Amino acid sequence: MAKSKRDILKYRRRREGRTDYKRRLNYLVGGKIRLVVRKSLRYINVQFVKYDTKGDIVLASANSIELRKIGWNYSCNNIPSAYLVGLLAGKRAVEKGIKEAILDIGLNVTVHGGILYSVLKGVLDKGIMIPANLEVLPSEEVVSGKNIADYAEKLLKNDSAYKKQFSDYLKRNLNPSNIVKDFEAVRNKIR
């Protein structure tokens, strides 16, 4: 019996570890809109997705690269940027009338207080109801980048270590000690 192209792709995605079809089915059976969070080495992508028999429909989305237009010049793949992109996606979802969703992190490994939960905190702060244990969310200090600023201040004593750790920021004339102030400015623009 010949397999269709769709079946071949399905089995390939399972073999490559790119899709967990059992988990996906559980999400779809619930019938709720999914908050899909995916991260790459450089960026974070957030989408509100509704299932349809013809294919998933993206209702609202945001990518961390969009933060550059708003004034965020730091990394687009750290906890503060994850929160900001979650806040931006949440704002767009609220504008589309989305009130609740469920979190879909795919095959990403979760770390309490990490990037994925920082996105969730941003979406929750916009007022969208998502069932979650609030203990896994990062603290406000971590979300605002205060830990990064404190670490930069600590490393300032060792000039070579400071320059090595924050070389990307220094190339772009950014002071890592100002990350909290810049975070607040961008958060206020999104709100």
# chains A, B, ... in the order shown; residues from 1 in each chain; ligands from 1

call {"tool": "residues_around", "arguments": {"residues": "A:Asn108", "least_positions_apart": "2", "cutoff": "10 Å", "atoms": "only C-alpha atoms", "output": "list in words"}}
result
Arg18, Val37, Arg38, Lys39, Asp104, Ile105, Gly106, Thr110, Val111 and Leu116 of chain A

call {"tool": "write_last_selection", "arguments": {"atoms": "N, CA and C atoms", "output": "PDB file, in the first residue's frame"}}
result
ATOM      1  N   ARG A  18      11.110  15.987  15.838  1.00  0.00           N
ATOM      2  CA  ARG A  18      10.649  17.366  15.656  1.00  0.00           C
ATOM      3  C   ARG A  18       9.206  17.563  16.084  1.00  0.00           C
ATOM      4  N   VAL A  37       5.212  28.609  21.708  1.00  0.00           N
ATOM      5  CA  VAL A  37       6.478  29.303  21.951  1.00  0.00           C
ATOM      6  C   VAL A  37       7.603  28.451  21.389  1.00  0.00           C
ATOM      7  N   ARG A  38       8.355  29.027  20.478  1.00  0.00           N
ATOM      8  CA  ARG A  38       9.502  28.333  19.878  1.00  0.00           C
ATOM      9  C   ARG A  38      10.700  29.265  19.952  1.00  0.00           C
ATOM     10  N   LYS A  39      11.860  28.688  20.241  1.00  0.00           N
ATOM     11  CA  LYS A  39      13.063  29.503  20.287  1.00  0.00           C
ATOM     12  C   LYS A  39      14.137  28.888  19.411  1.00  0.00           C
ATOM     13  N   ASP A 104       1.883  25.737  24.645  1.00  0.00           N
ATOM     14  CA  ASP A 104       2.463  24.665  23.827  1.00  0.00           C
ATOM     15  C   ASP A 104       3.934  25.014  23.611  1.00  0.00           C
ATOM     16  N   ILE A 105       4.813  24.295  24.308  1.00  0.00           N
ATOM     17  CA  ILE A 105       6.245  24.580  24.181  1.00  0.00           C
ATOM     18  C   ILE A 105       6.947  23.586  23.268  1.00  0.00           C
ATOM     19  N   GLY A 106       6.172  22.682  22.686  1.00  0.00           N
ATOM     20  CA  GLY A 106       6.759  21.727  21.747  1.00  0.00           C
ATOM     21  C   GLY A 106       7.767  20.821  22.424  1.00  0.00           C
ATOM     22  N   THR A 110      12.264  22.548  29.347  1.00  0.00           N
ATOM     23  CA  THR A 110      11.840  23.636  30.226  1.00  0.00           C
ATOM     24  C   THR A 110      12.756  23.747  31.434  1.00  0.00           C
ATOM     25  N   VAL A 111      12.978  24.976  31.839  1.00  0.00           N
ATOM     26  CA  VAL A 111      13.743  25.287  33.039  1.00  0.00           C
ATOM     27  C   VAL A 111      12.920  26.288  33.831  1.00  0.00           C
ATOM     28  N   LEU A 116      11.291  30.240  28.296  1.00  0.00           N
ATOM     29  CA  LEU A 116       9.928  29.875  27.910  1.00  0.00           C
ATOM     30  C   LEU A 116       8.902  30.393  28.920  1.00  0.00           C
TER      31      LEU A 116
END

call {"tool": "residues_around", "arguments": {"residues": "stretch 139-148 of chain A", "least_positions_apart": "3", "cutoff": "12 Å", "atoms": "only C-alpha atoms", "output": "short mmCIF file (atom, residue, chain, number, x, y, z; two decimals) with N, CA and C atoms, in the first residue's frame"}}
result
data_model
loop_
_atom_site.label_atom_id
_atom_site.label_comp_id
_atom_site.auth_asym_id
_atom_site.auth_seq_id
_atom_site.Cartn_x
_atom_site.Cartn_y
_atom_site.Cartn_z
N TYR A 74 19.47 44.96 23.00
CA TYR A 74 20.21 43.88 23.63
C TYR A 74 19.88 42.55 22.93
N SER A 75 20.31 41.46 23.51
CA SER A 75 20.07 40.14 22.92
C SER A 75 18.58 39.90 22.71
N ASN A 78 17.24 36.37 25.37
CA ASN A 78 17.48 36.25 26.80
C ASN A 78 16.15 36.43 27.54
N ILE A 79 16.18 36.32 28.84
CA ILE A 79 14.93 36.36 29.61
C ILE A 79 14.21 37.70 29.49
N PRO A 80 14.88 38.85 29.59
CA PRO A 80 14.14 40.10 29.40
C PRO A 80 13.48 40.22 28.03
N SER A 81 14.18 39.81 26.97
CA SER A 81 13.58 39.90 25.64
C SER A 81 12.44 38.89 25.48
N ALA A 82 12.54 37.74 26.15
CA ALA A 82 11.45 36.77 26.11
C ALA A 82 10.19 37.34 26.74
N TYR A 83 10.36 38.01 27.87
CA TYR A 83 9.21 38.65 28.51
C TYR A 83 8.59 39.70 27.60
N LEU A 84 9.45 40.52 27.00
CA LEU A 84 8.95 41.60 26.13
C LEU A 84 8.21 41.05 24.91
N VAL A 85 8.72 39.99 24.31
CA VAL A 85 8.04 39.43 23.14
C VAL A 85 6.73 38.75 23.57
N GLY A 86 6.70 38.18 24.78
CA GLY A 86 5.44 37.63 25.30
C GLY A 86 4.42 38.73 25.54
N LEU A 87 4.89 39.87 26.06
CA LEU A 87 4.02 41.02 26.28
C LEU A 87 3.47 41.56 24.96
N HIS A 112 12.66 25.99 35.09
CA HIS A 112 11.87 26.91 35.91
C HIS A 112 12.55 28.27 35.92
N GLY A 113 11.79 29.31 35.61
CA GLY A 113 12.31 30.66 35.58
C GLY A 113 13.10 30.97 34.31
N GLY A 114 13.02 30.11 33.30
CA GLY A 114 13.78 30.28 32.08
C GLY A 114 13.06 31.09 31.02
N ILE A 115 13.60 31.03 29.81
CA ILE A 115 13.10 31.83 28.69
C ILE A 115 11.65 31.52 28.36
N LEU A 116 11.29 30.24 28.30
CA LEU A 116 9.93 29.88 27.91
C LEU A 116 8.90 30.39 28.92
N TYR A 117 9.25 30.31 30.20
CA TYR A 117 8.33 30.80 31.22
C TYR A 117 8.34 32.32 31.32
N SER A 118 9.39 32.93 30.87
CA SER A 118 9.41 34.39 30.81
C SER A 118 8.42 34.89 29.76
N VAL A 119 8.35 34.19 28.62
CA VAL A 119 7.34 34.51 27.61
C VAL A 119 5.95 34.38 28.21
N LEU A 120 5.72 33.28 28.93
CA LEU A 120 4.42 33.05 29.56
C LEU A 120 4.08 34.18 30.53
N LYS A 121 5.05 34.63 31.31
CA LYS A 121 4.81 35.73 32.25
C LYS A 121 4.39 37.00 31.50
N GLY A 122 5.01 37.28 30.36
CA GLY A 122 4.63 38.44 29.57
C GLY A 122 3.20 38.36 29.07
N ASP A 125 0.79 38.79 32.00
CA ASP A 125 0.71 40.19 32.41
C ASP A 125 -0.19 41.02 31.50
N LEU A 134 2.36 29.24 38.98
CA LEU A 134 3.06 30.52 39.07
C LEU A 134 4.46 30.39 39.67
N GLU A 135 4.77 29.26 40.28
CA GLU A 135 6.10 29.04 40.86
C GLU A 135 7.18 28.89 39.78
N VAL A 136 6.80 28.54 38.57
CA VAL A 136 7.80 28.34 37.51
C VAL A 136 8.18 29.64 36.81
N TYR A 151 25.66 41.47 37.32
CA TYR A 151 26.81 40.67 36.87
C TYR A 151 27.81 41.55 36.11
N ALA A 152 27.31 42.46 35.32
CA ALA A 152 28.18 43.39 34.59
C ALA A 152 28.96 44.26 35.57
N GLU A 153 28.29 44.74 36.61
CA GLU A 153 28.96 45.55 37.63
C GLU A 153 30.05 44.74 38.34
N LYS A 154 29.74 43.49 38.61
CA LYS A 154 30.71 42.61 39.29
C LYS A 154 31.94 42.37 38.40
N LEU A 155 31.70 42.17 37.10
CA LEU A 155 32.80 41.89 36.18
C LEU A 155 33.62 43.12 35.82
N TYR A 162 35.12 41.23 31.62
CA TYR A 162 33.98 42.08 31.27
C TYR A 162 33.89 42.23 29.76
N GLN A 165 32.84 38.81 28.16
CA GLN A 165 31.44 38.43 28.40
C GLN A 165 30.45 39.33 27.65
N PHE A 166 30.72 40.62 27.59
CA PHE A 166 29.78 41.57 27.01
C PHE A 166 30.31 42.17 25.72
N TYR A 169 27.61 43.50 23.22
CA TYR A 169 27.01 44.75 23.65
C TYR A 169 27.98 45.91 23.46
N ASN A 175 25.73 49.73 27.17
CA ASN A 175 26.24 49.50 28.52
C ASN A 175 25.32 48.49 29.19
N PRO A 176 25.82 47.28 29.52
CA PRO A 176 24.96 46.27 30.14
C PRO A 176 24.39 46.71 31.48
N SER A 177 25.00 47.69 32.12
CA SER A 177 24.48 48.19 33.40
C SER A 177 23.17 48.96 33.21
N ASN A 178 22.87 49.39 31.99
CA ASN A 178 21.65 50.16 31.70
C ASN A 178 20.49 49.28 31.24
N ILE A 179 20.64 47.97 31.28
CA ILE A 179 19.62 47.08 30.71
C ILE A 179 18.27 47.23 31.42
N VAL A 180 18.28 47.46 32.72
CA VAL A 180 17.01 47.59 33.46
C VAL A 180 16.25 48.83 33.01
N LYS A 181 16.96 49.94 32.87
CA LYS A 181 16.34 51.20 32.42
C LYS A 181 15.79 51.05 31.00
N ASP A 182 16.58 50.43 30.12
CA ASP A 182 16.13 50.22 28.74
C ASP A 182 14.97 49.25 28.67
N PHE A 183 14.98 48.23 29.54
CA PHE A 183 13.87 47.26 29.61
C PHE A 183 12.57 47.98 29.96
N GLU A 184 12.63 48.83 30.98
CA GLU A 184 11.42 49.56 31.41
C GLU A 184 10.90 50.46 30.30
N ALA A 185 11.81 51.10 29.56
CA ALA A 185 11.38 51.99 28.47
C ALA A 185 10.66 51.20 27.38
N VAL A 186 11.19 50.04 27.01
CA VAL A 186 10.55 49.22 25.97
C VAL A 186 9.23 48.65 26.47
N ARG A 187 9.21 48.21 27.74
CA ARG A 187 7.96 47.67 28.30
C ARG A 187 6.86 48.73 28.29
#

call {"tool": "residues_around", "arguments": {"residues": "stretch 96-101 of chain A", "least_positions_apart": "3", "cutoff": "12 Å", "atoms": "only C-alpha atoms", "output": "PyMOL selection string"}}
result
chain A and resi 27-28+30-36+47-50+58-61+89-93+104+120+123-124+126-132

call {"tool": "atom_distance", "arguments": {"atom1": "atom CA of A:Asn173", "atom2": "atom CA of A:Leu88"}}
result
25.6 Å

call {"tool": "select_by_dssp", "arguments": {"residues": "stretch 104-174 of chain A", "states": "alpha helix (DSSP H)", "output": "ChimeraX atom specification"}}
result
/A:115-125,140-144,146-155,159-165,167-171
